[in-house]
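Here's the structure we're looking at; comments come further down.
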Amino acid sequence: MPRKQTKAAPPVAATTAATNAPLSIVILAAGQGKRMQSDIPKVLQPLAGMPMLAHLLGLAARLTPASIHVVYGHGGERVRELFDDGRLRWSLQSKQLGTGDALRQAMPEIPDAHQVLVLYGDVPLLLADTLRGLIAHSSVRSVALLTARLVDASGYGRVVRDARGRLQRIVEECDANARQRLIHEVSTGVMVASARLLKAWLARLKPRNAQHEYYLTDIVGMAVQQKLRIATVEATDAAEVQGVNDRLQLALAEAEYRRRRARQLMANGVTLIDPARIDLRGPITVGRDVLLDVNVVLEGPVVLADGVRIGPNCVLRNVAVGARTVLFANCVLQDAQIGSDCQIGPFTRMRPSVRIADGVHLGNFVEIKNSDIGAGSKVNHLSYVGDSQVGSAVNVGAGSITCNYDGANKWRTEIGDGAFIGSGAMLVAPVKIGNGATIGAGSTITENAPADKLTLARSRQVTLEQWQRPRKHPPKS
Ligand code: UD1
Ligand code: CA
């Protein structure tokens, strides 16, 4: 039987292009994931900051099927609570008796006339185009199976063929003999078959194997015995089909995800100083000629406009950055909107709800929280601005602090346009500084300061003419 290669097929609506039958997708997610050594169900282990199951649900949704079913089990209530949106269909597998038994739980919900795409909850990096290719090769009379050639096939079910290359069956590693273990062609477990055939095959599964489980993969041998034509579609990218069974494979999947996102960014005109030293999670939208230096972590949603430059070791979560803004090294920013042509950092920290207008400079060890900073303002060194409304063209001197918390409540500070806050000022909120006001360095401001005036609140400097330094007593003899 000729092996068919994956081809990108046009988007499939609620039917499978090859068969015109409605498509149902079943995600097997009930396994315990023992090899993870974790209290968290395996499908909730985070990959790129999202539970593994979220990746599969996103993938399934992209195929716009008639229905999506999740088989849950171990710790499954948590899984269901997290993802139950009223549209997913849930089937409980109360005992983890194998992948065949898992699929059996969902089948009563699926009409015989549907084609069923089976996905494994621990194979999270599959691409929609690969699945479209598999669906395009499926038929109502048989099985289409996604396979791969792996340099290291250990742990996977092997594809056993006869001398003429015809598929015979899938053998799980623990049931395989020494010869079969040398086979590099593996089953990914991902398959498409008609619901009618699947129901008949699943009813006949026997747990006669080393693990005493009902193997879904045994249906391939059953189809062969019925002389049905089985299409194998080989995934062109082996990394795409890797299963995640333990922490090492989780880290490998994370690395693959990172590589994939890095490649996408570079294709969109982003310079990555080192594509291997970057972490990208969640939705990220990037303009042209953006530069990301090493060890940048972007947790989406992140939007970087044209010409943004981000220095080493910056962490951005839910941040939008305007055109040409530069972030110097070691900035940690969360829930912030930053305008264009700003200079931020090094070592600037933004905590939730920050809005920075255009042309703002924020410098070393400056922390901004729940504040708006107006256009062209500067907070350059060692300051804390919290719960504040800062106008445009304001200059906040080194070491100034908005004292926003009285130990019980938070209060707001307002600083008008063009104000100049001298170094080391303490602005004790609630307080307003008028437009164009100047606050003398070292002042502790507890009342509103009027516009365009110098306000000082510090004791006057004195010099004591008669004062002498104490001297040491002479030693007693
Ligand atoms: C399975 C395949 C193997 C394939 C490999 C690809 C079988 C018998 N073996 O092996 O051929 O090469 O995946 O990654 O199918 N699950 C349940 N209920 C169960 C058991 C498993 O829902 O009772 C779910 C798990 O949550 C997991 C998936 O099925 O998402 C696969 O189970 P796992 O035990 O990891 O199978 P593998 O040994 O990796
Ligand atoms: Ca697995």
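Identifiers for the structure tokens are assigned positionally: chains receive A, B, ... in sequence, residues are indexed from 1 per chain, and ligands are indexed from 1 in the order shown.
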Running DSSP on the backbone, which parts of range 169-274 of chain A land in alpha helix (DSSP H), as a short mmCIF file (atom, residue, chain, number, x, y, z; two decimals) with C-alpha atoms, in the first residue's frame?
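What follows is the written file out_28.cif:
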```
data_model
loop_
_atom_site.label_atom_id
_atom_site.label_comp_id
_atom_site.auth_asym_id
_atom_site.auth_seq_id
_atom_site.Cartn_x
_atom_site.Cartn_y
_atom_site.Cartn_z
CA ALA A 178 13.47 -7.19 19.80
CA ARG A 179 13.05 -6.95 16.01
CA GLN A 180 9.93 -4.82 16.25
CA ARG A 181 11.67 -2.47 18.64
CA ALA A 195 -18.05 6.18 14.14
CA ARG A 196 -19.94 3.10 12.94
CA LEU A 197 -16.72 1.08 12.41
CA LEU A 198 -15.09 2.39 15.58
CA LYS A 199 -18.05 1.31 17.72
CA ALA A 200 -17.87 -2.22 16.30
CA TRP A 201 -14.10 -2.48 16.76
CA LEU A 202 -14.03 -0.97 20.24
CA ALA A 203 -16.64 -3.50 21.40
CA ASP A 218 -5.45 -2.64 18.18
CA ILE A 219 -8.24 -1.51 15.89
CA VAL A 220 -5.66 -1.11 13.13
CA GLY A 221 -5.04 -4.89 13.16
CA MET A 222 -8.81 -5.45 13.15
CA ALA A 223 -9.24 -3.26 10.09
CA VAL A 224 -6.41 -5.13 8.35
CA GLN A 225 -8.11 -8.47 9.10
CA ARG A 247 9.03 16.18 32.59
CA LEU A 248 11.84 15.72 30.11
CA GLN A 249 9.39 15.38 27.23
CA LEU A 250 7.48 18.40 28.61
CA ALA A 251 10.68 20.46 28.45
CA LEU A 252 11.38 19.17 24.92
CA ALA A 253 7.86 20.13 23.84
CA GLU A 254 8.35 23.59 25.38
CA ALA A 255 11.59 23.97 23.42
CA GLU A 256 9.86 22.91 20.20
CA TYR A 257 7.02 25.35 20.86
CA ARG A 258 9.58 28.10 21.46
CA ARG A 259 11.42 27.26 18.22
CA ARG A 260 8.15 27.37 16.32
CA ARG A 261 7.11 30.75 17.69
CA ALA A 262 10.61 32.15 17.15
CA ARG A 263 10.54 31.06 13.51
CA GLN A 264 7.13 32.72 13.04
CA LEU A 265 8.39 35.99 14.52
CA MET A 266 11.48 36.02 12.34
CA ALA A 267 9.33 35.31 9.27
#
```
Who sits within 9 Å of range 383-397 of chain A, only C-alpha atoms, same chain under 4 positions skipped, as number ranges by chain
A: 357, 360, 363-379, 401-404, 410-425, 435-436, 441
Write out as a PyMOL selection string all residues of range 286-444 of chain A that DSSP puts in strand (DSSP E or B) for this structure's backbone.
chain A and resi 286+290-292+296-304+309-310+315-321+326-327+332-338+343-344+349-350+354-356+361-364+367-369+371-373+378-381+384-386+388-390+395-396+401-403+405+410+413-415+420-421+426-428+431-433+438-439+444
Report as a count of residues only which protein, DNA and RNA residues come within 7 Å of ligand 1, using only C-alpha atoms and all ligand atoms.
39
Please determine, counting only C-alpha atoms, which residue among A:Pro51, A:Pro207, A:Gly73, A:Gly311 has the shortest atom-to-atom distance to Asp293 in chain A.
A:Gly311
Under the rule that only C-alpha atoms and all ligand atoms are counted, which of A:Val190, A:Ala60, A:Leu272, A:Cys342 is the nearest residue to ligand 2?
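Among the listed residues, the smallest separation from ligand 2 belongs to A:Val190.
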